[in-house]
Amino acid sequence: MDDCLFCKMVAREIEPDVVYENDDVLAFRDINPQAPVHVLIIPKRHISTLNDLQPADAALIGKLSLAAAAIARQEGIAEDGYRTLINTNREGGQVVFHVHMHLVGGRRMGWPPG
Ligand code: AMP
Ligand code: ZN
């Protein structure tokens, strides 16, 4: 998608700090980290929000979780634990409209979220 920040990262028009990549998924460090580990995991194909997911995207979305677990192991936080979340639209706090999973860890996460 032309004017999408994360599509530009997939195209490497903007160079992200990549931590993981495969044919379907790209993961890079968040520019404004909220925890010692804060990685964004995105599908390479543009999908704006979780509301736009189609049944055919089920495997692709599953791959975000598989990537999260692989990255958590890579970052050494898998056993201590971490959080994955996807923000959707205004009340969910979504500001970049290309689906992304946050992987945060390296400290104790509060619950419930603010
Ligand atoms: P969300 O609020 O769920 O849409 O999350 C968007 C995330 O993208 C925020 O955590 C931002 O810090 C992050 N972000 C925005 N611009 C960049 C960038 N150029 N590189 C890496 N992360 C970014
Ligand atoms: Zn996009």
# chains A, B, ... in the order shown; residues from 1 in each chain; ligands from 1
call {"tool": "select_by_dssp", "arguments": {"residues": "chain A", "states": "strand (DSSP E or B)", "output": "PDB file with all heavy atoms, in the first residue's frame"}}
result
ATOM      1  N   VAL A  18      15.744  -4.776  11.950  1.00  0.00           N
ATOM      2  CA  VAL A  18      15.111  -6.090  11.793  1.00  0.00           C
ATOM      3  C   VAL A  18      15.674  -7.096  12.795  1.00  0.00           C
ATOM      4  O   VAL A  18      16.887  -7.191  12.978  1.00  0.00           O
ATOM      5  CB  VAL A  18      15.314  -6.603  10.349  1.00  0.00           C
ATOM      6  CG1 VAL A  18      14.815  -8.038  10.207  1.00  0.00           C
ATOM      7  CG2 VAL A  18      14.605  -5.699   9.359  1.00  0.00           C
ATOM      8  N   VAL A  19      14.773  -7.853  13.434  1.00  0.00           N
ATOM      9  CA  VAL A  19      15.212  -8.922  14.334  1.00  0.00           C
ATOM     10  C   VAL A  19      14.824 -10.297  13.803  1.00  0.00           C
ATOM     11  O   VAL A  19      15.360 -11.313  14.260  1.00  0.00           O
ATOM     12  CB  VAL A  19      14.667  -8.740  15.772  1.00  0.00           C
ATOM     13  CG1 VAL A  19      15.207  -7.474  16.398  1.00  0.00           C
ATOM     14  CG2 VAL A  19      13.153  -8.754  15.811  1.00  0.00           C
ATOM     15  N   TYR A  20      13.901 -10.348  12.847  1.00  0.00           N
ATOM     16  CA  TYR A  20      13.401 -11.641  12.353  1.00  0.00           C
ATOM     17  C   TYR A  20      12.692 -11.397  11.032  1.00  0.00           C
ATOM     18  O   TYR A  20      12.018 -10.382  10.867  1.00  0.00           O
ATOM     19  CB  TYR A  20      12.406 -12.210  13.365  1.00  0.00           C
ATOM     20  CG  TYR A  20      11.823 -13.557  13.031  1.00  0.00           C
ATOM     21  CD1 TYR A  20      12.380 -14.725  13.515  1.00  0.00           C
ATOM     22  CD2 TYR A  20      10.681 -13.648  12.232  1.00  0.00           C
ATOM     23  CE1 TYR A  20      11.824 -15.965  13.215  1.00  0.00           C
ATOM     24  CE2 TYR A  20      10.127 -14.882  11.932  1.00  0.00           C
ATOM     25  CZ  TYR A  20      10.706 -16.037  12.424  1.00  0.00           C
ATOM     26  OH  TYR A  20      10.158 -17.251  12.126  1.00  0.00           O
ATOM     27  N   GLU A  21      12.857 -12.343  10.105  1.00  0.00           N
ATOM     28  CA  GLU A  21      12.172 -12.213   8.820  1.00  0.00           C
ATOM     29  C   GLU A  21      12.008 -13.581   8.198  1.00  0.00           C
ATOM     30  O   GLU A  21      12.888 -14.436   8.297  1.00  0.00           O
ATOM     31  CB  GLU A  21      13.004 -11.310   7.875  1.00  0.00           C
ATOM     32  CG  GLU A  21      12.341 -11.080   6.537  1.00  0.00           C
ATOM     33  CD  GLU A  21      13.036  -9.982   5.704  1.00  0.00           C
ATOM     34  OE1 GLU A  21      14.201  -9.656   6.008  1.00  0.00           O
ATOM     35  OE2 GLU A  21      12.402  -9.487   4.764  1.00  0.00           O
ATOM     36  N   VAL A  25       6.520 -12.707   6.992  1.00  0.00           N
ATOM     37  CA  VAL A  25       6.521 -11.897   8.211  1.00  0.00           C
ATOM     38  C   VAL A  25       7.826 -11.114   8.331  1.00  0.00           C
ATOM     39  O   VAL A  25       8.883 -11.620   7.956  1.00  0.00           O
ATOM     40  CB  VAL A  25       6.376 -12.853   9.431  1.00  0.00           C
ATOM     41  CG1 VAL A  25       6.712 -12.168  10.734  1.00  0.00           C
ATOM     42  CG2 VAL A  25       4.975 -13.453   9.477  1.00  0.00           C
ATOM     43  N   LEU A  26       7.702  -9.872   8.824  1.00  0.00           N
ATOM     44  CA  LEU A  26       8.890  -9.065   9.149  1.00  0.00           C
ATOM     45  C   LEU A  26       8.741  -8.590  10.587  1.00  0.00           C
ATOM     46  O   LEU A  26       7.637  -8.207  11.002  1.00  0.00           O
ATOM     47  CB  LEU A  26       8.965  -7.858   8.199  1.00  0.00           C
ATOM     48  CG  LEU A  26      10.127  -6.883   8.414  1.00  0.00           C
ATOM     49  CD1 LEU A  26      11.468  -7.526   8.066  1.00  0.00           C
ATOM     50  CD2 LEU A  26       9.933  -5.612   7.567  1.00  0.00           C
ATOM     51  N   ALA A  27       9.820  -8.597  11.343  1.00  0.00           N
ATOM     52  CA  ALA A  27       9.782  -8.118  12.728  1.00  0.00           C
ATOM     53  C   ALA A  27      10.959  -7.187  12.967  1.00  0.00           C
ATOM     54  O   ALA A  27      12.084  -7.459  12.533  1.00  0.00           O
ATOM     55  CB  ALA A  27       9.825  -9.292  13.694  1.00  0.00           C
ATOM     56  N   PHE A  28      10.680  -6.080  13.650  1.00  0.00           N
ATOM     57  CA  PHE A  28      11.712  -5.055  13.877  1.00  0.00           C
ATOM     58  C   PHE A  28      11.466  -4.386  15.220  1.00  0.00           C
ATOM     59  O   PHE A  28      10.353  -4.445  15.777  1.00  0.00           O
ATOM     60  CB  PHE A  28      11.702  -4.024  12.736  1.00  0.00           C
ATOM     61  CG  PHE A  28      10.343  -3.464  12.416  1.00  0.00           C
ATOM     62  CD1 PHE A  28       9.851  -2.356  13.080  1.00  0.00           C
ATOM     63  CD2 PHE A  28       9.537  -4.069  11.447  1.00  0.00           C
ATOM     64  CE1 PHE A  28       8.591  -1.851  12.798  1.00  0.00           C
ATOM     65  CE2 PHE A  28       8.267  -3.570  11.154  1.00  0.00           C
ATOM     66  CZ  PHE A  28       7.793  -2.455  11.832  1.00  0.00           C
ATOM     67  N   ARG A  29      12.484  -3.718  15.742  1.00  0.00           N
ATOM     68  CA  ARG A  29      12.368  -3.080  17.062  1.00  0.00           C
ATOM     69  C   ARG A  29      11.509  -1.813  16.974  1.00  0.00           C
ATOM     70  O   ARG A  29      11.643  -1.036  16.015  1.00  0.00           O
ATOM     71  CB  ARG A  29      13.752  -2.752  17.618  1.00  0.00           C
ATOM     72  CG  ARG A  29      14.545  -3.997  17.909  1.00  0.00           C
ATOM     73  CD  ARG A  29      15.778  -3.771  18.760  1.00  0.00           C
ATOM     74  NE  ARG A  29      16.626  -4.971  18.702  1.00  0.00           N
ATOM     75  CZ  ARG A  29      16.409  -6.073  19.401  1.00  0.00           C
ATOM     76  NH1 ARG A  29      15.399  -6.138  20.255  1.00  0.00           N
ATOM     77  NH2 ARG A  29      17.204  -7.133  19.271  1.00  0.00           N
ATOM     78  N   VAL A  37      12.563  -5.308  25.846  1.00  0.00           N
ATOM     79  CA  VAL A  37      12.336  -5.900  24.514  1.00  0.00           C
ATOM     80  C   VAL A  37      10.984  -5.384  24.022  1.00  0.00           C
ATOM     81  O   VAL A  37       9.966  -5.550  24.698  1.00  0.00           O
ATOM     82  CB  VAL A  37      12.314  -7.443  24.573  1.00  0.00           C
ATOM     83  CG1 VAL A  37      11.957  -8.021  23.195  1.00  0.00           C
ATOM     84  CG2 VAL A  37      13.649  -7.989  25.061  1.00  0.00           C
ATOM     85  N   HIS A  38      10.981  -4.739  22.868  1.00  0.00           N
ATOM     86  CA  HIS A  38       9.714  -4.280  22.263  1.00  0.00           C
ATOM     87  C   HIS A  38       9.882  -4.390  20.754  1.00  0.00           C
ATOM     88  O   HIS A  38      10.565  -3.580  20.117  1.00  0.00           O
ATOM     89  CB  HIS A  38       9.388  -2.838  22.678  1.00  0.00           C
ATOM     90  CG  HIS A  38       8.009  -2.406  22.251  1.00  0.00           C
ATOM     91  ND1 HIS A  38       7.429  -1.234  22.700  1.00  0.00           N
ATOM     92  CD2 HIS A  38       7.089  -2.971  21.421  1.00  0.00           C
ATOM     93  CE1 HIS A  38       6.215  -1.105  22.167  1.00  0.00           C
ATOM     94  NE2 HIS A  38       5.997  -2.137  21.372  1.00  0.00           N
ATOM     95  N   VAL A  39       9.259  -5.427  20.216  1.00  0.00           N
ATOM     96  CA  VAL A  39       9.393  -5.760  18.794  1.00  0.00           C
ATOM     97  C   VAL A  39       8.007  -5.712  18.165  1.00  0.00           C
ATOM     98  O   VAL A  39       7.007  -6.087  18.799  1.00  0.00           O
ATOM     99  CB  VAL A  39      10.025  -7.171  18.642  1.00  0.00           C
ATOM    100  CG1 VAL A  39       9.980  -7.655  17.201  1.00  0.00           C
ATOM    101  CG2 VAL A  39      11.462  -7.161  19.170  1.00  0.00           C
ATOM    102  N   LEU A  40       7.927  -5.224  16.941  1.00  0.00           N
ATOM    103  CA  LEU A  40       6.690  -5.238  16.166  1.00  0.00           C
ATOM    104  C   LEU A  40       6.801  -6.310  15.099  1.00  0.00           C
ATOM    105  O   LEU A  40       7.822  -6.379  14.393  1.00  0.00           O
ATOM    106  CB  LEU A  40       6.450  -3.874  15.508  1.00  0.00           C
ATOM    107  CG  LEU A  40       6.361  -2.689  16.470  1.00  0.00           C
ATOM    108  CD1 LEU A  40       6.187  -1.387  15.683  1.00  0.00           C
ATOM    109  CD2 LEU A  40       5.222  -2.863  17.466  1.00  0.00           C
ATOM    110  N   ILE A  41       5.781  -7.144  14.989  1.00  0.00           N
ATOM    111  CA  ILE A  41       5.779  -8.259  14.043  1.00  0.00           C
ATOM    112  C   ILE A  41       4.630  -8.013  13.073  1.00  0.00           C
ATOM    113  O   ILE A  41       3.480  -7.871  13.501  1.00  0.00           O
ATOM    114  CB  ILE A  41       5.576  -9.589  14.794  1.00  0.00           C
ATOM    115  CG1 ILE A  41       6.634  -9.732  15.903  1.00  0.00           C
ATOM    116  CG2 ILE A  41       5.635 -10.772  13.829  1.00  0.00           C
ATOM    117  CD1 ILE A  41       6.258 -10.718  16.977  1.00  0.00           C
ATOM    118  N   ILE A  42       4.957  -7.933  11.794  1.00  0.00           N
ATOM    119  CA  ILE A  42       3.935  -7.556  10.800  1.00  0.00           C
ATOM    120  C   ILE A  42       3.862  -8.588   9.679  1.00  0.00           C
ATOM    121  O   ILE A  42       4.871  -9.212   9.326  1.00  0.00           O
ATOM    122  CB  ILE A  42       4.220  -6.145  10.199  1.00  0.00           C
ATOM    123  CG1 ILE A  42       5.467  -6.148   9.318  1.00  0.00           C
ATOM    124  CG2 ILE A  42       4.355  -5.109  11.302  1.00  0.00           C
ATOM    125  CD1 ILE A  42       5.660  -4.847   8.517  1.00  0.00           C
ATOM    126  N   PRO A  43       2.664  -8.752   9.105  1.00  0.00           N
ATOM    127  CA  PRO A  43       2.586  -9.512   7.851  1.00  0.00           C
ATOM    128  C   PRO A  43       3.174  -8.650   6.737  1.00  0.00           C
ATOM    129  O   PRO A  43       3.000  -7.427   6.733  1.00  0.00           O
ATOM    130  CB  PRO A  43       1.083  -9.723   7.651  1.00  0.00           C
ATOM    131  CG  PRO A  43       0.432  -8.586   8.372  1.00  0.00           C
ATOM    132  CD  PRO A  43       1.354  -8.216   9.512  1.00  0.00           C
ATOM    133  N   TYR A  82       6.517 -12.955  28.546  1.00  0.00           N
ATOM    134  CA  TYR A  82       6.388 -11.758  27.708  1.00  0.00           C
ATOM    135  C   TYR A  82       4.927 -11.575  27.358  1.00  0.00           C
ATOM    136  O   TYR A  82       4.081 -12.400  27.740  1.00  0.00           O
ATOM    137  CB  TYR A  82       7.244 -11.901  26.435  1.00  0.00           C
ATOM    138  CG  TYR A  82       6.938 -13.148  25.634  1.00  0.00           C
ATOM    139  CD1 TYR A  82       6.008 -13.133  24.596  1.00  0.00           C
ATOM    140  CD2 TYR A  82       7.578 -14.358  25.932  1.00  0.00           C
ATOM    141  CE1 TYR A  82       5.730 -14.286  23.875  1.00  0.00           C
ATOM    142  CE2 TYR A  82       7.293 -15.511  25.219  1.00  0.00           C
ATOM    143  CZ  TYR A  82       6.377 -15.467  24.188  1.00  0.00           C
ATOM    144  OH  TYR A  82       6.077 -16.604  23.486  1.00  0.00           O
ATOM    145  N   ARG A  83       4.625 -10.480  26.666  1.00  0.00           N
ATOM    146  CA  ARG A  83       3.243 -10.220  26.259  1.00  0.00           C
ATOM    147  C   ARG A  83       3.191  -9.958  24.765  1.00  0.00           C
ATOM    148  O   ARG A  83       4.071  -9.285  24.217  1.00  0.00           O
ATOM    149  CB  ARG A  83       2.689  -9.015  27.025  1.00  0.00           C
ATOM    150  CG  ARG A  83       1.237  -8.714  26.671  1.00  0.00           C
ATOM    151  CD  ARG A  83       0.631  -7.719  27.635  1.00  0.00           C
ATOM    152  NE  ARG A  83       0.546  -8.305  28.972  1.00  0.00           N
ATOM    153  CZ  ARG A  83       0.316  -7.619  30.082  1.00  0.00           C
ATOM    154  NH1 ARG A  83       0.151  -6.319  30.024  1.00  0.00           N
ATOM    155  NH2 ARG A  83       0.250  -8.228  31.252  1.00  0.00           N
ATOM    156  N   THR A  84       2.151 -10.464  24.118  1.00  0.00           N
ATOM    157  CA  THR A  84       1.892 -10.140  22.716  1.00  0.00           C
ATOM    158  C   THR A  84       0.509  -9.490  22.646  1.00  0.00           C
ATOM    159  O   THR A  84      -0.412  -9.907  23.366  1.00  0.00           O
ATOM    160  CB  THR A  84       1.906 -11.391  21.829  1.00  0.00           C
ATOM    161  OG1 THR A  84       1.019 -12.365  22.375  1.00  0.00           O
ATOM    162  CG2 THR A  84       3.297 -11.981  21.717  1.00  0.00           C
ATOM    163  N   LEU A  85       0.389  -8.457  21.826  1.00  0.00           N
ATOM    164  CA  LEU A  85      -0.915  -7.812  21.688  1.00  0.00           C
ATOM    165  C   LEU A  85      -1.015  -7.098  20.346  1.00  0.00           C
ATOM    166  O   LEU A  85      -0.020  -6.697  19.752  1.00  0.00           O
ATOM    167  CB  LEU A  85      -1.182  -6.818  22.827  1.00  0.00           C
ATOM    168  CG  LEU A  85      -0.275  -5.603  22.888  1.00  0.00           C
ATOM    169  CD1 LEU A  85      -1.099  -4.345  23.007  1.00  0.00           C
ATOM    170  CD2 LEU A  85       0.678  -5.719  24.046  1.00  0.00           C
ATOM    171  N   MET A 101       1.695  -7.052  15.528  1.00  0.00           N
ATOM    172  CA  MET A 101       1.672  -7.632  16.864  1.00  0.00           C
ATOM    173  C   MET A 101       2.837  -7.035  17.647  1.00  0.00           C
ATOM    174  O   MET A 101       3.974  -7.064  17.177  1.00  0.00           O
ATOM    175  CB  MET A 101       1.804  -9.155  16.773  1.00  0.00           C
ATOM    176  CG  MET A 101       1.842  -9.841  18.133  1.00  0.00           C
ATOM    177  SD  MET A 101       1.954 -11.633  17.943  1.00  0.00           S
ATOM    178  CE  MET A 101       0.250 -12.037  17.596  1.00  0.00           C
ATOM    179  N   HIS A 102       2.533  -6.471  18.826  1.00  0.00           N
ATOM    180  CA  HIS A 102       3.599  -6.025  19.736  1.00  0.00           C
ATOM    181  C   HIS A 102       4.082  -7.233  20.537  1.00  0.00           C
ATOM    182  O   HIS A 102       3.262  -8.006  21.052  1.00  0.00           O
ATOM    183  CB  HIS A 102       3.066  -4.990  20.732  1.00  0.00           C
ATOM    184  CG  HIS A 102       2.644  -3.684  20.132  1.00  0.00           C
ATOM    185  ND1 HIS A 102       3.419  -2.544  20.210  1.00  0.00           N
ATOM    186  CD2 HIS A 102       1.527  -3.331  19.448  1.00  0.00           C
ATOM    187  CE1 HIS A 102       2.777  -1.542  19.611  1.00  0.00           C
ATOM    188  NE2 HIS A 102       1.631  -1.993  19.134  1.00  0.00           N
ATOM    189  N   LEU A 103       5.375  -7.377  20.646  1.00  0.00           N
ATOM    190  CA  LEU A 103       5.987  -8.346  21.565  1.00  0.00           C
ATOM    191  C   LEU A 103       6.764  -7.521  22.578  1.00  0.00           C
ATOM    192  O   LEU A 103       7.706  -6.803  22.201  1.00  0.00           O
ATOM    193  CB  LEU A 103       6.924  -9.278  20.793  1.00  0.00           C
ATOM    194  CG  LEU A 103       7.935 -10.089  21.614  1.00  0.00           C
ATOM    195  CD1 LEU A 103       7.246 -11.050  22.568  1.00  0.00           C
ATOM    196  CD2 LEU A 103       8.874 -10.857  20.681  1.00  0.00           C
ATOM    197  N   VAL A 104       6.332  -7.553  23.841  1.00  0.00           N
ATOM    198  CA  VAL A 104       7.010  -6.776  24.884  1.00  0.00           C
ATOM    199  C   VAL A 104       7.431  -7.708  26.009  1.00  0.00           C
ATOM    200  O   VAL A 104       6.688  -8.632  26.390  1.00  0.00           O
ATOM    201  CB  VAL A 104       6.120  -5.626  25.433  1.00  0.00           C
ATOM    202  CG1 VAL A 104       6.097  -4.459  24.474  1.00  0.00           C
ATOM    203  CG2 VAL A 104       4.719  -6.087  25.756  1.00  0.00           C
ATOM    204  N   GLY A 105       8.610  -7.460  26.539  1.00  0.00           N
ATOM    205  CA  GLY A 105       9.114  -8.290  27.625  1.00  0.00           C
ATOM    206  C   GLY A 105      10.414  -7.737  28.166  1.00  0.00           C
ATOM    207  O   GLY A 105      10.856  -6.656  27.790  1.00  0.00           O
TER     208      GLY A 105
END
call {"tool": "residues_near_ligand", "arguments": {"ligand": "ligand 2", "cutoff": "9 Å", "atoms": "only C-alpha atoms and all ligand atoms", "output": "MDAnalysis selection string"}}
result
chainID A and resid 1:10 42:48 96:99
call {"tool": "atom_distance", "arguments": {"atom1": "atom CA of A:Gly81", "atom2": "atom CA of A:Arg108"}}
result
8.4 Å
call {"tool": "residues_near_ligand", "arguments": {"ligand": "ligand 1", "cutoff": "6 Å", "atoms": "only C-alpha atoms and all ligand atoms", "output": "PyMOL selection string"}}
result
chain A and resi 29-32+87+93-96
call {"tool": "select_by_dssp", "arguments": {"residues": "chain A", "states": "alpha helix (DSSP H)", "output": "list in words"}}
result
Leu5, Phe6, Cys7, Lys8, Met9, Val10, Ala58, Ala59, Leu60, Ile61, Gly62, Lys63, Leu64, Ser65, Leu66, Ala67, Ala68, Ala69, Ala70, Ile71, Ala72, Arg73, Gln74, Glu75, Asn89, Arg90, Glu91 and Gly92 of chain A
call {"tool": "residues_around", "arguments": {"residues": "A:Ala78", "least_positions_apart": "4", "cutoff": "10 Å", "atoms": "only C-alpha atoms", "output": "PyMOL selection string"}}
result
chain A and resi 68-74+82+105-106
call {"tool": "closest_residue", "arguments": {"among": "A:Pro55, A:Gly92, A:Gly62, A:Gly110", "to": "A:Ala35", "atoms": "only C-alpha atoms"}}
result
A:Gly110
call {"tool": "closest_residue", "arguments": {"among": "A:Thr88, A:Pro33, A:Ala11, A:Leu66", "to": "A:Asp52", "atoms": "only C-alpha atoms"}}
result
A:Thr88
call {"tool": "decode", "arguments": {"residues": "stretch 94-106 of chain A", "atoms": "N, CA, C and O atoms", "output": "PDB file, in the first residue's frame"}}
result
ATOM      1  N   GLN A  94      -4.652   1.939  18.262  1.00  0.00           N
ATOM      2  CA  GLN A  94      -3.904   1.710  17.012  1.00  0.00           C
ATOM      3  C   GLN A  94      -3.587   3.044  16.349  1.00  0.00           C
ATOM      4  O   GLN A  94      -4.488   3.867  16.139  1.00  0.00           O
ATOM      5  N   VAL A  95      -2.314   3.265  16.033  1.00  0.00           N
ATOM      6  CA  VAL A  95      -1.929   4.493  15.324  1.00  0.00           C
ATOM      7  C   VAL A  95      -1.323   4.204  13.957  1.00  0.00           C
ATOM      8  O   VAL A  95      -1.304   5.079  13.093  1.00  0.00           O
ATOM      9  N   VAL A  96      -0.806   3.002  13.748  1.00  0.00           N
ATOM     10  CA  VAL A  96      -0.300   2.614  12.420  1.00  0.00           C
ATOM     11  C   VAL A  96      -1.256   1.566  11.857  1.00  0.00           C
ATOM     12  O   VAL A  96      -1.439   0.496  12.457  1.00  0.00           O
ATOM     13  N   PHE A  97      -1.829   1.888  10.698  1.00  0.00           N
ATOM     14  CA  PHE A  97      -2.910   1.048  10.170  1.00  0.00           C
ATOM     15  C   PHE A  97      -2.389   0.013   9.170  1.00  0.00           C
ATOM     16  O   PHE A  97      -2.770  -0.019   8.005  1.00  0.00           O
ATOM     17  N   HIS A  98      -1.480  -0.795   9.666  1.00  0.00           N
ATOM     18  CA  HIS A  98      -0.994  -2.026   9.031  1.00  0.00           C
ATOM     19  C   HIS A  98      -0.867  -2.985  10.213  1.00  0.00           C
ATOM     20  O   HIS A  98      -0.088  -2.699  11.151  1.00  0.00           O
ATOM     21  N   VAL A  99      -1.627  -4.056  10.188  1.00  0.00           N
ATOM     22  CA  VAL A  99      -1.686  -4.957  11.356  1.00  0.00           C
ATOM     23  C   VAL A  99      -0.288  -5.275  11.880  1.00  0.00           C
ATOM     24  O   VAL A  99       0.616  -5.605  11.106  1.00  0.00           O
ATOM     25  N   HIS A 100      -0.126  -5.158  13.186  1.00  0.00           N
ATOM     26  CA  HIS A 100       1.161  -5.498  13.807  1.00  0.00           C
ATOM     27  C   HIS A 100       0.912  -6.064  15.189  1.00  0.00           C
ATOM     28  O   HIS A 100       0.047  -5.589  15.926  1.00  0.00           O
ATOM     29  N   MET A 101       1.695  -7.052  15.528  1.00  0.00           N
ATOM     30  CA  MET A 101       1.672  -7.632  16.864  1.00  0.00           C
ATOM     31  C   MET A 101       2.837  -7.035  17.647  1.00  0.00           C
ATOM     32  O   MET A 101       3.974  -7.064  17.177  1.00  0.00           O
ATOM     33  N   HIS A 102       2.533  -6.471  18.826  1.00  0.00           N
ATOM     34  CA  HIS A 102       3.599  -6.025  19.736  1.00  0.00           C
ATOM     35  C   HIS A 102       4.082  -7.233  20.537  1.00  0.00           C
ATOM     36  O   HIS A 102       3.262  -8.006  21.052  1.00  0.00           O
ATOM     37  N   LEU A 103       5.375  -7.377  20.646  1.00  0.00           N
ATOM     38  CA  LEU A 103       5.987  -8.346  21.565  1.00  0.00           C
ATOM     39  C   LEU A 103       6.764  -7.521  22.578  1.00  0.00           C
ATOM     40  O   LEU A 103       7.706  -6.803  22.201  1.00  0.00           O
ATOM     41  N   VAL A 104       6.332  -7.553  23.841  1.00  0.00           N
ATOM     42  CA  VAL A 104       7.010  -6.776  24.884  1.00  0.00           C
ATOM     43  C   VAL A 104       7.431  -7.708  26.009  1.00  0.00           C
ATOM     44  O   VAL A 104       6.688  -8.632  26.390  1.00  0.00           O
ATOM     45  N   GLY A 105       8.610  -7.460  26.539  1.00  0.00           N
ATOM     46  CA  GLY A 105       9.114  -8.290  27.625  1.00  0.00           C
ATOM     47  C   GLY A 105      10.414  -7.737  28.166  1.00  0.00           C
ATOM     48  O   GLY A 105      10.856  -6.656  27.790  1.00  0.00           O
ATOM     49  N   GLY A 106      10.995  -8.504  29.082  1.00  0.00           N
ATOM     50  CA  GLY A 106      12.217  -8.055  29.729  1.00  0.00           C
ATOM     51  C   GLY A 106      11.938  -7.341  31.034  1.00  0.00           C
ATOM     52  O   GLY A 106      12.857  -6.893  31.719  1.00  0.00           O
TER      53      GLY A 106
END
